[in-house]
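Undergrad: Provided herewith: entry_32.pdb, PDB, C-alpha atoms.
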ATOM      1  CA  MET C 160     -10.712 -11.794 -92.930
ATOM      2  CA  SER C 161     -12.609 -13.495 -90.115
ATOM      3  CA  ASP C 162     -13.676 -12.883 -86.537
ATOM      4  CA  SER C 163     -12.664 -15.082 -83.623
ATOM      5  CA  THR C 164     -15.261 -16.886 -81.516
ATOM      6  CA  PRO C 165     -15.261 -16.979 -77.699
ATOM      7  CA  ASP C 166     -13.936 -19.963 -75.796
ATOM      8  CA  SER C 167     -16.252 -21.496 -73.215
ATOM      9  CA  ASN C 168     -13.495 -22.223 -70.683
ATOM     10  CA  ASP C 169     -12.799 -19.926 -67.725
ATOM     11  CA  SER C 170      -9.042 -20.062 -68.282
ATOM     12  CA  PRO C 171      -7.115 -18.179 -70.978
ATOM     13  CA  ALA C 172      -7.741 -19.832 -74.313
ATOM     14  CA  GLN C 173      -6.410 -19.332 -77.804
ATOM     15  CA  THR C 174      -8.829 -19.324 -80.705
ATOM     16  CA  GLU C 175      -8.164 -19.507 -84.433
ATOM     17  CA  THR C 176     -10.568 -18.761 -87.230
ATOM     18  CA  THR C 177     -10.199 -19.164 -90.965
ATOM     19  CA  ALA C 178     -12.299 -19.065 -94.078
ATOM     20  CA  GLU C 179     -13.065 -22.766 -93.541
ATOM     21  CA  ALA C 180     -15.194 -21.972 -90.486
ATOM     22  CA  GLU C 181     -17.328 -19.614 -92.543
ATOM     23  CA  ILE C 182     -18.228 -22.178 -95.183
ATOM     24  CA  ALA C 183     -20.606 -25.065 -94.574
ATOM     25  CA  ASP C 184     -19.423 -28.492 -95.624
ATOM     26  CA  ASP C 185     -22.088 -28.705 -98.317
ATOM     27  CA  GLN C 186     -21.583 -25.205 -99.661
ATOM     28  CA  ALA C 187     -18.820 -24.482-102.164
ATOM     29  CA  PRO C 188     -17.439 -20.940-102.287
ATOM     30  CA  ASP C 189     -17.548 -18.892-105.452
ATOM     31  CA  VAL C 190     -14.200 -19.674-107.098
ATOM     32  CA  PRO C 191     -12.998 -19.473-110.704
ATOM     33  CA  ASP C 192     -12.873 -22.419-113.099
ATOM     34  CA  TRP C 193      -9.541 -23.311-114.647
ATOM     35  CA  ASP C 194      -9.239 -24.764-118.156
ATOM     36  CA  ASP C 195      -6.311 -26.755-116.768
ATOM     37  CA  GLU C 196      -7.901 -29.922-115.316
ATOM     38  CA  TYR C 197      -5.083 -30.547-112.854
ATOM     39  CA  VAL C 198      -5.075 -27.003-111.468
ATOM     40  CA  ASP C 199      -8.870 -27.023-111.308
ATOM     41  CA  ARG C 200      -8.841 -30.212-109.206
ATOM     42  CA  VAL C 201      -6.177 -28.735-106.939
ATOM     43  CA  SER C 202      -8.360 -25.665-106.459
ATOM     44  CA  ASP C 203     -11.124 -27.962-105.202
ATOM     45  CA  ARG C 204      -8.802 -28.941-102.348
ATOM     46  CA  LEU C 205      -7.767 -25.368-101.617
ATOM     47  CA  MET C 206     -11.006 -23.433-101.985
ATOM     48  CA  HIS C 207     -12.334 -23.870 -98.435
ATOM     49  CA  ASN C 208      -9.132 -22.487 -96.901
ATOM     50  CA  PHE C 209      -7.782 -20.059 -99.500
ATOM     51  CA  ASP C 210      -9.311 -17.132-101.349
ATOM     52  CA  LEU C 211      -8.451 -18.039-104.953
ATOM     53  CA  GLU C 212      -7.844 -15.958-108.071
ATOM     54  CA  LYS C 213      -7.222 -16.963-111.661
ATOM     55  CA  ASP C 214      -4.416 -15.640-113.881
ATOM     56  CA  ARG C 215      -2.776 -13.264-111.404
ATOM     57  CA  THR C 216       0.218 -11.166-112.517
ATOM     58  CA  VAL C 217       2.547  -9.809-109.832
ATOM     59  CA  ARG C 218       5.484  -7.543-110.652
ATOM     60  CA  GLY C 219       5.497  -8.832-114.225
ATOM     61  CA  GLU C 220       5.373 -12.514-113.205
ATOM     62  CA  ALA C 221       2.279 -14.411-114.413
ATOM     63  CA  PHE C 222       0.675 -17.159-112.341
ATOM     64  CA  THR C 223      -2.074 -19.610-113.208
ATOM     65  CA  LEU C 224      -3.531 -19.520-109.682
ATOM     66  CA  TYR C 225      -3.108 -17.234-106.701
ATOM     67  CA  GLY C 226      -4.432 -18.027-103.242
ATOM     68  CA  GLN C 227      -4.428 -16.248 -99.907
ATOM     69  CA  LEU C 228      -4.952 -17.819 -96.482
ATOM     70  CA  VAL C 229      -5.409 -15.611 -93.406
ATOM     71  CA  VAL C 230      -5.452 -16.859 -89.807
ATOM     72  CA  HIS C 231      -6.062 -14.602 -86.799
ATOM     73  CA  SER C 232      -5.231 -15.867 -83.306
ATOM     74  CA  GLU C 233      -5.932 -14.331 -79.923
ATOM     75  CA  LYS C 234      -6.242 -15.308 -76.268
ATOM     76  CA  HIS C 235      -9.206 -14.548 -74.005
ATOM     77  CA  PHE C 236      -9.800 -13.959 -70.315
ATOM     78  CA  PHE C 237     -13.377 -15.122 -69.687
ATOM     79  CA  HIS C 238     -14.852 -12.980 -72.504
ATOM     80  CA  PRO C 239     -13.810 -11.991 -76.071
ATOM     81  CA  ALA C 240     -13.778  -8.338 -75.007
ATOM     82  CA  LEU C 241     -10.874  -9.204 -72.707
ATOM     83  CA  SER C 242      -8.538 -10.432 -75.410
ATOM     84  CA  PHE C 243      -4.781 -10.268 -75.746
ATOM     85  CA  GLY C 244      -1.959 -11.956 -77.600
ATOM     86  CA  HIS C 245      -3.284 -11.043 -81.049
ATOM     87  CA  HIS C 246      -1.339 -12.635 -83.895
ATOM     88  CA  ASP C 247      -1.879 -12.653 -87.637
ATOM     89  CA  GLN C 248      -0.546 -15.291 -90.022
ATOM     90  CA  GLN C 249      -0.895 -15.394 -93.789
ATOM     91  CA  GLU C 250       0.106 -17.540 -96.696
ATOM     92  CA  HIS C 251       0.332 -16.301-100.263
ATOM     93  CA  LEU C 252       0.244 -19.165-102.755
ATOM     94  CA  PHE C 253       1.430 -18.731-106.346
ATOM     95  CA  VAL C 254       0.982 -21.566-108.857
ATOM     96  CA  ARG C 255       2.416 -21.510-112.369
ATOM     97  CA  ARG C 256       1.850 -24.103-115.099
ATOM     98  CA  THR C 257       4.898 -24.031-117.352
ATOM     99  CA  GLY C 258       6.520 -26.141-120.050
ATOM    100  CA  GLY C 259       9.674 -26.444-117.986
ATOM    101  CA  ALA C 260      11.513 -24.867-115.084
ATOM    102  CA  SER C 261      15.137 -24.483-114.081
ATOM    103  CA  VAL C 262      16.957 -23.580-110.894
ATOM    104  CA  ALA C 263      17.267 -20.040-112.266
ATOM    105  CA  ASP C 264      13.466 -19.858-112.543
ATOM    106  CA  ALA C 265      13.113 -20.952-108.936
ATOM    107  CA  GLU C 266      15.720 -18.450-107.788
ATOM    108  CA  ARG C 267      13.836 -15.665-109.568
ATOM    109  CA  LEU C 268      10.674 -16.594-107.670
ATOM    110  CA  VAL C 269      12.606 -16.528-104.401
ATOM    111  CA  GLU C 270      13.685 -12.969-105.172
ATOM    112  CA  LEU C 271      10.074 -12.104-105.979
ATOM    113  CA  GLY C 272       9.087 -13.453-102.575
ATOM    114  CA  HIS C 273      11.549 -11.146-100.837
ATOM    115  CA  ASP C 274      10.296  -8.163-102.866
ATOM    116  CA  LEU C 275       6.683  -8.949-101.971
ATOM    117  CA  ALA C 276       7.601  -9.320 -98.303
ATOM    118  CA  ASP C 277       8.922  -5.752 -98.348
ATOM    119  CA  GLU C 278       5.713  -4.491 -99.984
ATOM    120  CA  TRP C 279       2.939  -6.629 -98.482
ATOM    121  CA  ILE C 280       3.865  -7.312 -94.875
ATOM    122  CA  GLU C 281       2.684  -4.849 -92.248
ATOM    123  CA  ALA C 282       5.453  -5.454 -89.763
ATOM    124  CA  ASP C 283       4.206  -4.775 -86.247
ATOM    125  CA  GLU C 284       3.711  -6.539 -82.909
ATOM    126  CA  GLU C 285       0.626  -8.421 -84.159
ATOM    127  CA  HIS C 286       2.365  -9.918 -87.194
ATOM    128  CA  TYR C 287       3.442 -13.479 -86.458
ATOM    129  CA  SER C 288       4.257 -15.005 -89.845
ATOM    130  CA  THR C 289       3.747 -14.683 -93.570
ATOM    131  CA  ASP C 290       4.544 -17.438 -96.055
ATOM    132  CA  PHE C 291       5.133 -17.008 -99.771
ATOM    133  CA  THR C 292       4.769 -20.391-101.480
ATOM    134  CA  PHE C 293       5.607 -20.825-105.154
ATOM    135  CA  VAL C 294       4.501 -23.942-107.030
ATOM    136  CA  LEU C 295       5.846 -24.851-110.477
ATOM    137  CA  VAL C 296       3.694 -27.338-112.399
ATOM    138  CA  VAL C 297       5.937 -28.910-115.022
ATOM    139  CA  PRO C 298       6.030 -31.929-117.392
ATOM    140  CA  THR C 299       9.027 -33.385-115.554
ATOM    141  CA  ILE C 300      11.235 -32.344-112.635
ATOM    142  CA  SER C 301      14.897 -32.067-113.564
ATOM    143  CA  ALA C 302      17.518 -33.451-111.199
ATOM    144  CA  ASP C 303      19.052 -30.057-110.409
ATOM    145  CA  LEU C 304      15.657 -28.459-109.724
ATOM    146  CA  ARG C 305      14.712 -31.381-107.475
ATOM    147  CA  GLU C 306      17.895 -30.988-105.445
ATOM    148  CA  PHE C 307      17.484 -27.218-105.163
ATOM    149  CA  VAL C 308      13.863 -27.404-103.988
ATOM    150  CA  ALA C 309      14.425 -30.294-101.584
ATOM    151  CA  ASP C 310      17.322 -28.480 -99.873
ATOM    152  CA  PHE C 311      15.676 -25.046 -99.882
ATOM    153  CA  ARG C 312      14.848 -23.145 -96.683
ATOM    154  CA  ASP C 313      14.544 -19.357 -96.453
ATOM    155  CA  ARG C 314      13.187 -17.740 -93.261
ATOM    156  CA  THR C 315      13.690 -14.047 -92.469
ATOM    157  CA  MET C 316      13.155 -12.618 -88.987
ATOM    158  CA  LEU C 317      11.629  -9.145 -88.802
ATOM    159  CA  LYS C 318      13.179  -6.817 -86.228
ATOM    160  CA  TYR C 319      14.983  -9.790 -84.632
ATOM    161  CA  GLY C 320      11.669 -11.663 -84.473
ATOM    162  CA  TYR C 321       9.830  -8.947 -82.556
ATOM    163  CA  TYR C 322       7.642  -8.420 -85.640
ATOM    164  CA  GLY C 323       7.492 -12.116 -86.468
ATOM    165  CA  HIS C 324       9.009 -13.618 -89.585
ATOM    166  CA  TYR C 325       8.348 -14.546 -93.178
ATOM    167  CA  GLU C 326       9.240 -17.688 -95.063
ATOM    168  CA  ILE C 327       9.576 -18.540 -98.721
ATOM    169  CA  ASN C 328       8.599 -22.053 -99.817
ATOM    170  CA  LEU C 329       9.040 -23.888-103.110
ATOM    171  CA  VAL C 330       7.203 -26.814-104.702
ATOM    172  CA  ALA C 331       7.759 -28.488-108.075
ATOM    173  CA  VAL C 332       5.191 -30.985-109.304
ATOM    174  CA  ALA C 333       4.931 -33.124-112.438
ATOM    175  CA  PRO C 334       1.334 -34.417-112.246
ATOM    176  CA  ASP C 335       1.592 -36.632-115.347
ATOM    177  CA  GLU C 336       4.418 -38.498-113.616
ATOM    178  CA  ASP C 337       2.884 -38.481-110.108
ATOM    179  CA  ASP C 338       6.035 -36.738-108.947
ATOM    180  CA  ILE C 339       6.504 -33.884-106.495
ATOM    181  CA  VAL C 340       9.252 -32.271-104.446
ATOM    182  CA  ALA C 341       8.765 -29.588-101.810
ATOM    183  CA  SER C 342      10.901 -27.510 -99.505
ATOM    184  CA  GLN C 343      10.757 -28.343 -95.809
ATOM    185  CA  GLU C 344       8.000 -25.942 -94.728
ATOM    186  CA  ALA C 345       5.769 -26.199 -97.816
ATOM    187  CA  THR C 346       2.966 -28.104 -96.082
ATOM    188  CA  VAL C 347       0.434 -27.072 -98.731
ATOM    189  CA  GLU C 348       2.135 -29.492-101.120
ATOM    190  CA  GLU C 349      -0.303 -32.220-100.046
ATOM    191  CA  ALA C 350      -3.048 -30.435-101.992
ATOM    192  CA  PHE C 351      -1.039 -31.040-105.177
ATOM    193  CA  ARG C 352      -0.750 -34.809-104.669
ATOM    194  CA  LEU C 353      -3.926 -35.730-106.541
ATOM    195  CA  TRP C 354      -2.641 -39.283-106.904
ATOM    196  CA  ASP C 355      -2.423 -39.532-103.101
ATOM    197  CA  PRO C 356      -5.882 -38.747-101.648
ATOM    198  CA  ILE C 357      -6.135 -36.971 -98.311
ATOM    199  CA  GLU C 358      -7.478 -39.711 -96.061
ATOM    200  CA  LYS C 359     -10.022 -38.885 -93.365
ATOM    201  CA  GLU C 360      -7.912 -40.431 -90.630
ATOM    202  CA  ARG C 361      -4.946 -38.248 -91.575
ATOM    203  CA  PRO C 362      -4.717 -34.566 -90.598
ATOM    204  CA  GLY C 363      -6.616 -32.387 -93.050
ATOM    205  CA  LEU C 364      -4.965 -29.776 -95.218
ATOM    206  CA  LEU C 365      -5.960 -26.932 -92.896
ATOM    207  CA  ARG C 366      -4.573 -28.806 -89.873
ATOM    208  CA  LEU C 367      -1.257 -29.326 -91.640
ATOM    209  CA  ILE C 368      -1.080 -25.625 -92.432
ATOM    210  CA  ALA C 369      -2.070 -24.733 -88.869
ATOM    211  CA  ARG C 370       0.828 -26.803 -87.527
ATOM    212  CA  ARG C 371       3.256 -24.463 -89.246
ATOM    213  CA  PHE C 372       1.368 -21.447 -87.934
ATOM    214  CA  GLN C 373       1.168 -22.808 -84.382
ATOM    215  CA  ILE C 374       2.281 -20.314 -81.768
TER
END
Would it be possible to restate this file's structure as structure tokens?

TA:
Amino acid sequence: MSDSTPDSNDSPAQTETTAEAEIADDQAPDVPDWDDEYVDRVSDRLMHNFDLEKDRTVRGEAFTLYGQLVVHSEKHFFHPALSFGHHDQQEHLFVRRTGGASVADAERLVELGHDLADEWIEADEEHYSTDFTFVLVVPTISADLREFVADFRDRTMLKYGYYGHYEINLVAVAPDEDDIVASQEATVEEAFRLWDPIEKERPGLLRLIARRFQI
């Protein structure tokens, strides 16, 4: 998705590039408009880091928003031509606005995540991690769904970790109630807290995501 840039130091250095580096601060990428005001405002927070699509259907499951983030990392000796330690990380983000959601709905999305991992991941030495994050936008978060999401963690090692790993994350958000719950590794959940602005002195959304992808 993007090319790495050389490091000016004479020692081995790791570089990371994302879509954010390709977009000037005053230039908005070409992204869809959502009729849903909440989802549209969330997309404004995501658009510089994720490639976004509207109304994506995957294996019969419909989603209001789909986003993909790709990060490529490598290390250099003196010059980009002398690179090693290549690693690729991705996040697939699925957002669904729904009139209500149960634990069974969340469990079905977890199974979808495992199915997509089998189909979408190119498992090799350069694959470091892939995340599948599912966000349910609901009128209210039930107690059982809150407990399930808060306690959820699902990481799968590929070839004992030699081909990296993938993780499934869950988020449930009730924007009209300023309420959200997220599984432990769902760092993208900050983008859905519209009632809690991302302050300049706090790590940005991309930095929070990069922390999870840190090698």

Undergrad: Interatomic distance between atom CA of Phe253 of chain C and atom CA of Val294 of chain C?

TA: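 Atom CA of Val294 of chain C lies at a distance of 6.1 Å from atom CA of Phe253 of chain C.
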
Undergrad: Around all the atoms of segment 284-301 of chain C listed in the file, with 6 Å of room on each side, what axis-aligned box do you get, giving centre and edge lengths in Å to one decimal, as JSON?

TA:
{"center_x": 7.8, "center_y": -20.0, "center_z": -100.2, "size_x": 26.3, "size_y": 38.8, "size_z": 46.5}

Undergrad: Go through C:Leu317, C:Leu275, C:Leu353, C:Ala260 one by one, measure the shortest atom-to-atom distance of each to Ser301 of chain C using only C-alpha atoms, and give the residue with the smallest value.

TA: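 Looking at the shortest contact to Ser301 of chain C, the residue is C:Ala260.
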
Undergrad: So, with all atoms listed in the file as the atoms that count, which of C:Ala341, C:Val198, C:Ala350, C:Leu252 lies closest to Arg305 of chain C?

TA: C:Ala341

Undergrad: Between C:Asp310, C:Glu326, C:Glu196, C:Asp203, which has the minimum distance to Gln249 of chain C (counting all atoms listed in the file)?

TA: C:Glu326

Undergrad: Would you pick out the contacts of Gly219 of chain C at 12 Å or less, using only C-alpha atoms, so that residues sharing its chain but fewer than 6 positions from it are not included, and give the list as a ChimeraX atom specification?

TA: /C:267-268,271

Undergrad: Residue by residue, what does the PyMOL selection byres ((chain C and resi 306) around 12) grab here? Present the result as a list of chain:residue names.

TA: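 Checked against the file, the PyMOL selection byres ((chain C and resi 306) around 12) matches C:Ser261, C:Val262, C:Ala265, C:Ile300, C:Ser301, C:Ala302, C:Asp303, C:Leu304, C:Arg305, C:Phe307, C:Val308, C:Ala309, C:Asp310, C:Phe311, C:Leu329, C:Val330, C:Ala331, C:Ile339, C:Val340, C:Ala341, C:Ser342.
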
Undergrad: Tell me, as a list in words, which residues lie within 6 Å of Phe209 of chain C, counting all atoms listed in the file; anything in the same chain fewer than 6 positions away does not count.

TA: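 Neighbouring residues, sequence-local ones excluded: Gly226, Gln227 and Leu228 of chain C.
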